[in-house]
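Trainee: Below is my_file-v1.cif; it holds mmCIF, C-alpha atoms and all ligand atoms.
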```
data_target
#
loop_
_atom_site.label_atom_id
_atom_site.label_comp_id
_atom_site.auth_asym_id
_atom_site.auth_seq_id
_atom_site.Cartn_x
_atom_site.Cartn_y
_atom_site.Cartn_z
CA MET K 77 -14.80 28.38 38.66
CA GLN K 78 -15.37 28.85 34.95
CA GLU K 79 -12.41 30.20 33.01
CA ASN K 80 -13.01 33.43 31.12
CA ILE K 81 -11.87 33.00 27.53
CA THR K 82 -11.55 36.32 25.74
CA PRO K 83 -11.78 36.67 21.92
CA GLU K 84 -8.07 37.50 22.04
CA ASP K 85 -7.29 34.17 23.81
CA LYS K 86 -9.40 32.33 21.26
CA LYS K 87 -7.58 34.00 18.37
CA LYS K 88 -4.19 33.13 19.89
CA LYS K 89 -5.27 29.50 20.36
CA ILE K 90 -6.34 29.24 16.69
CA GLU K 91 -3.10 30.84 15.50
CA LYS K 92 -1.08 28.43 17.65
CA ARG K 93 -2.94 25.45 16.18
CA GLU K 94 -2.39 26.74 12.63
CA GLU K 95 1.32 27.11 13.35
CA GLU K 96 1.43 23.51 14.65
CA ILE K 97 -0.27 22.32 11.44
CA ARG K 98 2.16 24.29 9.29
CA LYS K 99 5.15 22.79 11.15
CA ASN K 100 3.76 19.27 11.01
CA LEU K 101 3.16 19.41 7.25
CA GLN K 102 6.30 21.28 6.26
CA LYS K 103 8.36 18.05 6.18
CA ILE K 104 6.15 16.84 3.31
CA LYS K 105 7.54 17.94 -0.04
CA HIS K 106 4.32 18.12 -2.09
CA LYS K 107 0.75 18.30 -0.83
CA LEU K 108 -1.82 17.34 -3.49
CA VAL K 109 -5.40 18.22 -2.59
CA VAL K 110 -8.14 16.57 -4.63
CA ILE K 111 -11.42 18.48 -4.83
CA SER K 112 -14.46 18.77 -7.08
CA GLY K 113 -17.55 20.88 -7.46
CA LYS K 114 -19.96 17.98 -7.59
CA GLY K 115 -20.10 14.81 -5.50
CA GLY K 116 -19.52 11.36 -6.96
CA VAL K 117 -17.29 12.47 -9.85
CA GLY K 118 -14.40 10.26 -8.76
CA LYS K 119 -12.28 12.27 -6.30
CA THR K 120 -11.56 9.32 -4.05
CA THR K 121 -10.87 7.05 -7.04
CA VAL K 122 -8.45 9.66 -8.41
CA ALA K 123 -6.80 10.32 -5.01
CA VAL K 124 -6.25 6.61 -4.34
CA ASN K 125 -4.94 5.82 -7.83
CA LEU K 126 -2.65 8.86 -7.88
CA ALA K 127 -1.18 7.73 -4.57
CA ILE K 128 -0.71 4.19 -5.94
CA SER K 129 0.85 5.43 -9.19
CA LEU K 130 3.28 7.67 -7.32
CA ALA K 131 4.19 4.93 -4.83
CA SER K 132 4.67 2.39 -7.63
CA ILE K 133 7.52 4.43 -9.07
CA GLY K 134 9.26 4.65 -5.74
CA PHE K 135 7.98 7.83 -4.10
CA LYS K 136 7.24 7.94 -0.38
CA VAL K 137 3.53 8.65 -0.34
CA GLY K 138 0.79 9.28 2.20
CA ILE K 139 -2.95 9.61 1.75
CA LEU K 140 -5.21 11.59 4.05
CA ASP K 141 -8.93 11.07 3.88
CA VAL K 142 -10.34 14.41 5.02
CA ASP K 143 -13.87 13.51 3.97
CA ILE K 144 -14.97 13.20 7.59
CA THR K 145 -18.59 12.24 6.93
CA GLY K 146 -18.04 9.94 3.94
CA PRO K 147 -14.56 8.44 4.32
CA ASN K 148 -14.08 5.95 1.44
CA VAL K 149 -10.29 5.80 1.08
CA LEU K 150 -9.77 2.65 3.21
CA LYS K 151 -12.42 0.76 1.27
CA MET K 152 -10.94 1.69 -2.12
CA LEU K 153 -7.37 1.09 -1.01
CA GLY K 154 -8.25 -2.26 0.57
CA VAL K 155 -7.00 -1.25 4.03
CA ASN K 156 -8.63 -3.01 6.97
CA PRO K 157 -10.44 -0.39 9.10
CA GLU K 158 -10.02 -2.65 12.14
CA VAL K 159 -6.28 -1.94 12.13
CA LYS K 160 -6.08 1.17 14.26
CA PRO K 161 -3.45 3.92 14.01
CA MET K 162 -0.97 3.92 16.90
CA VAL K 163 -1.13 6.85 19.27
CA ASP K 164 1.86 7.98 21.31
CA PRO K 165 0.37 8.65 24.78
CA ASP K 166 3.08 11.19 25.65
CA SER K 167 3.08 13.35 22.54
CA GLU K 168 -0.54 12.46 21.62
CA LYS K 169 0.60 12.08 18.01
CA PHE K 170 -1.04 9.55 15.67
CA TYR K 171 0.95 7.20 13.45
CA PRO K 172 -0.68 6.45 10.07
CA VAL K 173 -1.35 2.84 9.07
CA ASN K 174 0.81 1.24 6.36
CA GLY K 175 -1.25 0.48 3.26
CA PRO K 176 -0.33 -1.18 -0.07
CA LEU K 177 3.08 -0.19 -1.49
CA ASN K 178 3.87 1.20 1.96
CA ILE K 179 1.49 4.13 1.47
CA LYS K 180 0.84 5.84 4.82
CA VAL K 181 -2.89 6.06 5.38
CA MET K 182 -5.00 8.15 7.75
CA SER K 183 -8.77 8.33 7.69
CA MET K 184 -11.74 9.04 9.88
CA ALA K 185 -12.87 5.51 9.03
CA PHE K 186 -10.21 4.15 11.44
CA LEU K 187 -11.92 5.95 14.28
CA LEU K 188 -15.42 4.66 13.58
CA ALA K 189 -16.86 1.64 15.40
CA SER K 190 -17.98 0.01 12.13
CA GLN K 191 -18.23 0.82 8.43
CA ASP K 192 -21.97 1.41 8.91
CA THR K 193 -21.49 3.98 11.67
CA PRO K 194 -22.47 7.42 10.39
CA VAL K 195 -20.54 10.48 11.46
CA VAL K 196 -23.20 12.86 12.69
CA TRP K 197 -20.88 15.60 13.84
CA ARG K 198 -21.63 19.20 13.09
CA GLY K 199 -19.16 21.71 11.60
CA PRO K 200 -17.04 22.62 14.65
CA MET K 201 -16.49 18.98 15.69
CA LYS K 202 -15.57 17.99 12.16
CA MET K 203 -13.05 20.80 11.96
CA THR K 204 -11.51 19.76 15.29
CA ALA K 205 -10.99 16.29 13.80
CA VAL K 206 -9.55 17.77 10.58
CA ARG K 207 -7.12 19.93 12.59
CA GLN K 208 -6.04 16.83 14.50
CA PHE K 209 -5.42 14.95 11.26
CA LEU K 210 -3.38 17.82 9.88
CA GLY K 211 -1.53 18.77 13.05
CA ASP K 212 -1.11 15.54 15.02
CA VAL K 213 -0.34 12.81 12.47
CA GLU K 214 3.34 11.82 12.24
CA TRP K 215 3.77 11.34 8.49
CA GLY K 216 7.56 11.16 8.49
CA ASP K 217 9.45 12.47 5.46
CA LEU K 218 6.96 12.05 2.65
CA GLU K 219 7.48 13.20 -0.93
CA TYR K 220 3.76 13.33 -1.65
CA LEU K 221 0.70 13.60 0.57
CA VAL K 222 -2.57 13.17 -1.33
CA CYS K 223 -5.62 14.62 0.46
CA ASP K 224 -9.11 13.47 -0.49
CA LEU K 225 -11.60 16.21 0.34
CA PRO K 226 -15.40 16.23 0.77
CA PRO K 227 -17.39 17.33 -2.29
CA GLY K 228 -18.41 20.89 -3.01
CA THR K 229 -17.50 24.36 -1.86
CA SER K 230 -18.92 24.10 1.66
CA ASP K 231 -17.44 25.90 4.69
CA GLU K 232 -15.70 22.67 5.51
CA THR K 233 -13.89 22.48 2.16
CA LEU K 234 -12.92 26.15 2.41
CA ASP K 235 -11.56 25.66 5.94
CA ILE K 236 -9.53 22.62 4.92
CA LEU K 237 -8.11 24.43 1.88
CA GLN K 238 -7.11 27.31 4.12
CA LEU K 239 -5.45 25.04 6.68
CA ILE K 240 -3.14 23.09 4.37
CA PRO K 241 -0.03 25.14 3.65
CA ASP K 242 1.57 25.24 0.15
CA GLU K 243 -1.01 22.88 -1.27
CA ASN K 244 -1.46 22.03 -4.93
CA VAL K 245 -5.10 21.71 -5.83
CA ILE K 246 -6.35 19.16 -8.35
CA ILE K 247 -9.92 19.54 -9.54
CA VAL K 248 -11.79 16.45 -10.70
CA SER K 249 -14.77 16.72 -13.00
CA THR K 250 -16.75 14.47 -15.27
CA PRO K 251 -17.56 15.78 -18.76
CA GLN K 252 -21.25 16.50 -18.02
CA GLU K 253 -22.27 20.15 -18.07
CA VAL K 254 -23.63 20.12 -14.50
CA ALA K 255 -20.37 18.70 -13.16
CA LEU K 256 -18.31 21.19 -15.16
CA MET K 257 -20.49 24.09 -14.04
CA ASP K 258 -19.70 23.21 -10.42
CA ALA K 259 -16.04 22.53 -11.25
CA ARG K 260 -15.74 26.01 -12.75
CA LYS K 261 -17.10 27.52 -9.51
CA THR K 262 -14.59 25.48 -7.54
CA ILE K 263 -11.66 26.64 -9.69
CA ASN K 264 -12.84 30.20 -9.30
CA MET K 265 -13.15 29.85 -5.52
CA THR K 266 -9.71 28.24 -5.23
CA GLN K 267 -8.14 31.01 -7.29
CA MET K 268 -9.93 33.66 -5.21
CA MET K 269 -8.41 32.02 -2.12
CA LYS K 270 -5.02 32.34 -3.83
CA ARG K 271 -4.37 28.60 -3.65
CA ASN K 272 -2.19 27.00 -6.30
CA VAL K 273 -4.38 25.15 -8.81
CA LEU K 274 -2.33 22.41 -10.51
CA GLY K 275 -5.07 21.61 -12.98
CA ILE K 276 -8.15 19.62 -13.90
CA ILE K 277 -8.54 15.89 -14.31
CA GLU K 278 -11.45 14.78 -16.47
CA ASN K 279 -12.79 11.50 -15.14
CA MET K 280 -15.22 9.07 -16.83
CA SER K 281 -14.05 10.57 -20.07
CA GLY K 282 -15.30 8.24 -22.81
CA PHE K 283 -15.84 4.49 -22.82
CA THR K 284 -14.46 1.79 -25.10
CA CYS K 285 -16.43 -1.45 -25.28
CA SER K 286 -14.06 -4.29 -24.38
CA LYS K 287 -15.99 -6.69 -26.68
CA CYS K 288 -16.32 -4.71 -29.92
CA GLY K 289 -13.87 -1.84 -29.36
CA PHE K 290 -16.57 0.79 -30.07
CA TYR K 291 -15.69 4.15 -28.46
CA ILE K 292 -18.39 6.45 -27.15
CA GLU K 293 -18.22 9.76 -25.30
CA ILE K 294 -21.03 8.92 -22.89
CA PHE K 295 -20.98 12.26 -21.09
CA GLY K 296 -19.91 14.51 -23.98
CA SER K 297 -16.51 16.09 -24.50
CA GLY K 298 -14.60 19.35 -24.67
CA GLY K 299 -15.86 20.95 -21.41
CA ALA K 300 -12.77 20.27 -19.33
CA GLU K 301 -10.49 21.71 -22.07
CA LYS K 302 -12.67 24.82 -22.16
CA ALA K 303 -12.69 25.22 -18.35
CA ALA K 304 -8.90 24.78 -18.27
CA GLU K 305 -8.48 27.39 -21.00
CA ASP K 306 -10.95 29.86 -19.45
CA PHE K 307 -9.26 29.78 -16.05
CA GLY K 308 -5.69 29.49 -17.30
CA VAL K 309 -5.07 26.11 -15.65
CA LYS K 310 -3.74 22.86 -17.09
CA LEU K 311 -5.79 19.88 -18.17
CA LEU K 312 -3.69 17.26 -16.36
CA GLY K 313 -5.28 14.33 -18.16
CA LYS K 314 -8.38 12.31 -18.92
CA ILE K 315 -9.34 9.01 -17.32
CA PRO K 316 -11.73 6.83 -19.30
CA PHE K 317 -14.81 5.18 -17.87
CA GLU K 318 -13.85 1.57 -17.20
CA ILE K 319 -16.29 -0.87 -15.64
CA GLU K 320 -13.44 -2.49 -13.73
CA ILE K 321 -12.57 0.80 -11.96
CA GLY K 322 -15.92 0.74 -10.17
CA ALA K 323 -15.66 -2.96 -9.42
CA GLN K 324 -12.10 -2.66 -8.13
CA GLY K 325 -13.05 0.36 -5.99
CA ASP K 326 -15.74 -1.78 -4.36
CA LYS K 327 -13.39 -4.72 -3.81
CA GLY K 328 -10.66 -2.52 -2.40
CA VAL K 329 -7.98 -3.31 -4.96
CA PRO K 330 -7.14 -0.06 -6.70
CA PHE K 331 -7.33 -0.27 -10.44
CA SER K 332 -3.77 0.79 -11.13
CA ILE K 333 -2.43 -2.17 -9.08
CA LYS K 334 -4.74 -4.80 -10.56
CA TYR K 335 -4.58 -3.63 -14.19
CA PRO K 336 -1.26 -1.79 -14.64
CA ASP K 337 -1.52 -1.92 -18.47
CA SER K 338 -5.10 -0.65 -18.76
CA GLU K 339 -5.94 2.67 -20.41
CA SER K 340 -6.82 4.19 -17.02
CA SER K 341 -3.58 3.11 -15.40
CA LYS K 342 -1.71 4.60 -18.36
CA ALA K 343 -3.77 7.79 -17.94
CA PHE K 344 -2.81 7.98 -14.24
CA LYS K 345 0.86 7.47 -15.13
CA GLY K 346 0.59 10.26 -17.71
CA ILE K 347 -0.99 12.53 -15.09
CA ILE K 348 1.74 11.94 -12.52
CA ASN K 349 4.36 12.69 -15.18
CA VAL K 350 2.65 16.04 -15.83
CA ILE K 351 2.39 16.74 -12.09
CA GLN K 352 6.09 15.94 -11.60
CA GLU K 353 7.03 18.20 -14.49
CA ILE K 354 5.07 21.07 -12.94
CA LEU K 355 6.34 20.57 -9.40
CA ASP K 356 10.01 19.73 -10.00
N1 LIG V 401 -13.29 6.28 -14.43
C1 LIG V 401 -14.23 5.55 -13.79
N2 LIG V 401 -14.82 4.50 -14.42
C2 LIG V 401 -15.77 3.76 -13.79
N3 LIG V 401 -16.20 3.99 -12.54
C3 LIG V 401 -15.66 5.02 -11.86
C4 LIG V 401 -14.64 5.85 -12.45
N4 LIG V 401 -14.30 6.80 -11.54
C5 LIG V 401 -15.04 6.57 -10.44
N5 LIG V 401 -15.87 5.51 -10.62
C6 LIG V 401 -16.85 4.98 -9.68
O1 LIG V 401 -17.80 6.01 -9.40
C7 LIG V 401 -18.20 6.00 -8.04
C8 LIG V 401 -17.91 7.36 -7.41
O2 LIG V 401 -16.50 7.54 -7.35
P1 LIG V 401 -15.79 8.20 -6.06
O3 LIG V 401 -16.34 7.64 -4.80
O4 LIG V 401 -14.34 8.13 -6.31
O5 LIG V 401 -16.33 9.70 -6.22
P2 LIG V 401 -16.17 10.91 -5.19
O6 LIG V 401 -16.09 12.15 -6.00
O7 LIG V 401 -15.05 10.64 -4.25
O8 LIG V 401 -17.55 10.84 -4.40
P3 LIG V 401 -17.93 11.72 -3.09
O9 LIG V 401 -18.26 13.08 -3.61
O10 LIG V 401 -19.12 11.01 -2.54
O11 LIG V 401 -16.74 11.71 -2.18
C9 LIG V 401 -17.41 4.86 -7.37
O12 LIG V 401 -18.22 3.72 -7.32
C10 LIG V 401 -16.23 4.64 -8.32
O13 LIG V 401 -15.74 3.32 -8.28
MG MG V 402 -15.02 10.63 -2.13
#
```
Translate the structure described by the file into structure tokens.
Mentor:
Amino acid sequence: MQENITPEDKKKKIEKREEEIRKNLQKIKHKLVVISGKGGVGKTTVAVNLAISLASIGFKVGILDVDITGPNVLKMLGVNPEVKPMVDPDSEKFYPVNGPLNIKVMSMAFLLASQDTPVVWRGPMKMTAVRQFLGDVEWGDLEYLVCDLPPGTSDETLDILQLIPDENVIIVSTPQEVALMDARKTINMTQMMKRNVLGIIENMSGFTCSKCGFYIEIFGSGGAEKAAEDFGVKLLGKIPFEIEIGAQGDKGVPFSIKYPDSESSKAFKGIINVIQEILD
């Protein structure tokens, strides 16, 4: 016989799940959520390199790839997607995989048959997976959990932002006007949702030719400062465009491990200093 589920039952079930998520994440000291307005501006690059920079100075760090349809964290971090997370059959909890510098990693990519398998789930299925990642992954006692979100201000992004308790939102933008226009909307939305915005990171911010040293602001300048000022948030830092960042992202060796003395790695270090100052 089919069970009759009333709207009241449904509401209680959702509230119970949200409480489980809150409990599961409360052991983690700081939750950093990386979002953007526009796609392809470097969220995953920033999330991965922030995690690496934090881990390299001794913090216990985890990274959660919540971009269910386009999970790129494993690729950029150089983690083998064939290594599957352990699942405790009794508690049904997942254990994240250990990545470089002992970073705990969880991603939808672990659950896909191959890297070419598309995720064709619709909204409700994606959100069930997100809730599982947030509520059923045993992170242990982390100091930082970096969450890489899908691009834009879709329902999915809003739901994820609502589900993560006490999160600190980092907005990534490139200096182009179209990217900044969308970033401004995202800051506005995040503030309307009363989430804590830590600040903006400007990515692909200027390029210095390694041969002749000529510096050029390929995508313009000044927009991120203006957005930060207009919305009363901090400009956490600027990461230059470096050809090697793209190449390293493709090879799965994050830039800040391979080139610790590069301008970008220094920029990431500067950004984590600012983040620590704000959060401590
Ligand atoms: N500062 C940079 N210099 C050079 N290349 C970069 C830089 N930042 C990111 N890239 C490259 O740009 C591409 C897009 O970056 P990334 O995948 O991190 O963006 P994203 O915002 O996560 O994209 P999506 O919206 O699809 O999730 C990648 O190939 C990455 O290696
Ligand atoms: Mg991404």
Trainee: Using CA of Lys160 in chain K and CA of Gly175 in chain K as the two end points, give the distance in Å to one decimal.
Mentor: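 CA of Lys160 in chain K sits 12.0 Å away from CA of Gly175 in chain K.
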Trainee: Report as a PDB file with C-alpha atoms, in the coordinates of the input which protein, DNA and RNA residues come within 6 Å of ligand LIG 401 (chain V), using only C-alpha atoms and all ligand atoms.
Mentor:
```
ATOM      1  CA  GLY K 115     -20.100  14.810  -5.500  1.00  0.00           C
ATOM      2  CA  GLY K 116     -19.520  11.360  -6.960  1.00  0.00           C
ATOM      3  CA  VAL K 117     -17.290  12.470  -9.850  1.00  0.00           C
ATOM      4  CA  GLY K 118     -14.400  10.260  -8.760  1.00  0.00           C
ATOM      5  CA  LYS K 119     -12.280  12.270  -6.300  1.00  0.00           C
ATOM      6  CA  THR K 120     -11.560   9.320  -4.050  1.00  0.00           C
ATOM      7  CA  THR K 121     -10.870   7.050  -7.040  1.00  0.00           C
ATOM      8  CA  PRO K 226     -15.400  16.230   0.770  1.00  0.00           C
ATOM      9  CA  PRO K 227     -17.390  17.330  -2.290  1.00  0.00           C
ATOM     10  CA  ASN K 279     -12.790  11.500 -15.140  1.00  0.00           C
ATOM     11  CA  MET K 280     -15.220   9.070 -16.830  1.00  0.00           C
ATOM     12  CA  ILE K 315      -9.340   9.010 -17.320  1.00  0.00           C
ATOM     13  CA  PRO K 316     -11.730   6.830 -19.300  1.00  0.00           C
ATOM     14  CA  PHE K 317     -14.810   5.180 -17.870  1.00  0.00           C
ATOM     15  CA  GLU K 318     -13.850   1.570 -17.200  1.00  0.00           C
ATOM     16  CA  ILE K 319     -16.290  -0.870 -15.640  1.00  0.00           C
ATOM     17  CA  ILE K 321     -12.570   0.800 -11.960  1.00  0.00           C
ATOM     18  CA  GLY K 322     -15.920   0.740 -10.170  1.00  0.00           C
ATOM     19  CA  GLY K 325     -13.050   0.360  -5.990  1.00  0.00           C
TER      20      GLY K 325
END
```
Trainee: I'd like the interatomic distance between CA of Gly298 in chain K and CA of Asn244 in chain K, to a tenth of an Å.
Mentor: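 One can read the CA of Gly298 in chain K to CA of Asn244 in chain K distance as 23.9 Å.
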Trainee: Have a look at K:Asp143, K:Glu214, K:Asp242, K:Asp337 and name the one nearest to Gly228 in chain K; count all atoms listed in the file.
Mentor: K:Asp143
Trainee: So the first atom is CA of Asp192 in chain K and the second is CA of Asn125 in chain K; what is the distance between them in Å, to one decimal place?
Mentor: 24.3 Å
Trainee: Considering only C-alpha atoms, return as a list in words whatever protein or nucleic-acid residues lie within 9 Å of Glu301 in chain K, sequence-local ones (same chain, fewer than 5 positions apart) excluded.
Mentor: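 Contacts, with the query itself left out: Ile276, Glu278, Asp306, Lys310 and Leu311 of chain K.
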Trainee: Compile the contact shell of Val142 in chain K as a list in words: residues with an atom at most 10 Å away, counting all atoms listed in the file, same-chain residues fewer than 2 positions apart removed.
Mentor: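 Selected residues are Val109, Ile139, Leu140, Ile144, Thr145, Gly146, Pro147, Asn148, Val149, Met182, Ser183, Met184, Lys202, Met203, Ala205, Val206, Arg207, Phe209, Leu210, Cys223, Asp224, Leu225, Pro226, Glu232, Thr233 and Ile236 of chain K.
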Trainee: Using only C-alpha atoms, can you list as a list in words the residues within 10 Å of (-2.1, 11.8, 18.7)?
Mentor: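 In the file's frame, the residues around the point are Pro161, Met162, Val163, Asp164, Pro165, Asp166, Ser167, Glu168, Lys169, Phe170, Tyr171, Gln208, Phe209, Gly211, Asp212, Val213 and Glu214 of chain K.
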Trainee: Residues at most 8 Å from Phe295 in chain K, counting all atoms listed in the file, excluding those fewer than 3 positions away in the same chain, as a ChimeraX atom specification?
Mentor: /K:250-252,280-282
Trainee: Which residues, written as a list in words, have at least one atom at most 10 Å from range 265-271 of chain K, with all atoms listed in the file counted and residues fewer than 4 positions away on the same chain left out?
Mentor: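 Contacts, with the query itself left out: Ile111, Thr229, Leu234, Leu237, Gln238, Ile240, Pro241, Asp242, Glu243, Asn244, Val245, Ile247, Ala259, Arg260, Lys261 and Phe307 of chain K.
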Trainee: Generate a file of the selected residues that holds C-alpha atoms, formatted as an mmCIF file, in the coordinates of the input.
Mentor:
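Contents of selection16.cif, as written:
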```cif
data_model
loop_
_atom_site.group_PDB
_atom_site.id
_atom_site.type_symbol
_atom_site.label_atom_id
_atom_site.label_comp_id
_atom_site.auth_asym_id
_atom_site.auth_seq_id
_atom_site.Cartn_x
_atom_site.Cartn_y
_atom_site.Cartn_z
ATOM 1 C CA ILE K 111 -11.420 18.480 -4.830
ATOM 2 C CA THR K 229 -17.500 24.360 -1.860
ATOM 3 C CA LEU K 234 -12.920 26.150 2.410
ATOM 4 C CA LEU K 237 -8.110 24.430 1.880
ATOM 5 C CA GLN K 238 -7.110 27.310 4.120
ATOM 6 C CA ILE K 240 -3.140 23.090 4.370
ATOM 7 C CA PRO K 241 -0.030 25.140 3.650
ATOM 8 C CA ASP K 242 1.570 25.240 0.150
ATOM 9 C CA GLU K 243 -1.010 22.880 -1.270
ATOM 10 C CA ASN K 244 -1.460 22.030 -4.930
ATOM 11 C CA VAL K 245 -5.100 21.710 -5.830
ATOM 12 C CA ILE K 247 -9.920 19.540 -9.540
ATOM 13 C CA ALA K 259 -16.040 22.530 -11.250
ATOM 14 C CA ARG K 260 -15.740 26.010 -12.750
ATOM 15 C CA LYS K 261 -17.100 27.520 -9.510
ATOM 16 C CA PHE K 307 -9.260 29.780 -16.050
#
```
Trainee: Restricting the calculation to only C-alpha atoms and all ligand atoms: of K:Gly113, K:Gly138, K:Gly313, K:Pro157, which residue gets closest to ligand MG 402 (chain V)?
Mentor: K:Gly113
Trainee: Which is closest to ligand MG 402 (chain V) among K:Ala123, K:Leu355, K:Met201, K:Cys285, if we use only C-alpha atoms and all ligand atoms?
Mentor: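 Among the listed residues, K:Ala123 lies closest to ligand MG 402 (chain V).
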Trainee: Which of these residues is nearest to ligand MG 402 (chain V), using all atoms listed in the file: K:Ile128, K:Leu256, K:Met152, K:Leu187?
Mentor: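 For ligand MG 402 (chain V), the nearest of the candidates is K:Met152.
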Trainee: Counting only C-alpha atoms and all ligand atoms, which residue out of K:Val248, K:Leu177, K:Ala304, K:Ala127 sits closest to ligand MG 402 (chain V)?
Mentor: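 Looking only at the distances to ligand MG 402 (chain V), the closest residue turns out to be K:Val248.
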Trainee: Closest to Phe344 in chain K among K:Ile294, K:Asn156, K:Lys86, K:Ser132, using all atoms listed in the file?
Mentor: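 Smallest distance to Phe344 in chain K is found for K:Ser132.
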Trainee: With only C-alpha atoms as the counted atoms, please give the residues lying no more than 12 Å from Asn349 in chain K, apart from itself and same-chain residues fewer than 4 positions off, as a VMD selection string.
Mentor: chain K and resid 126 129 to 130 133 312 to 313 342 to 345 353 to 356
Trainee: Using the selection just defined, write its residues with C-alpha atoms as a compact mmCIF listing (two decimals), in the coordinates of the input.
Mentor:
```txt
# COMPACT_ATOMS: atom_id res chain seq x y z
CA LEU K 126 -2.65 8.86 -7.88
CA SER K 129 0.85 5.43 -9.19
CA LEU K 130 3.28 7.67 -7.32
CA ILE K 133 7.52 4.43 -9.07
CA LEU K 312 -3.69 17.26 -16.36
CA GLY K 313 -5.28 14.33 -18.16
CA LYS K 342 -1.71 4.60 -18.36
CA ALA K 343 -3.77 7.79 -17.94
CA PHE K 344 -2.81 7.98 -14.24
CA LYS K 345 0.86 7.47 -15.13
CA GLU K 353 7.03 18.20 -14.49
CA ILE K 354 5.07 21.07 -12.94
CA LEU K 355 6.34 20.57 -9.40
CA ASP K 356 10.01 19.73 -10.00
```
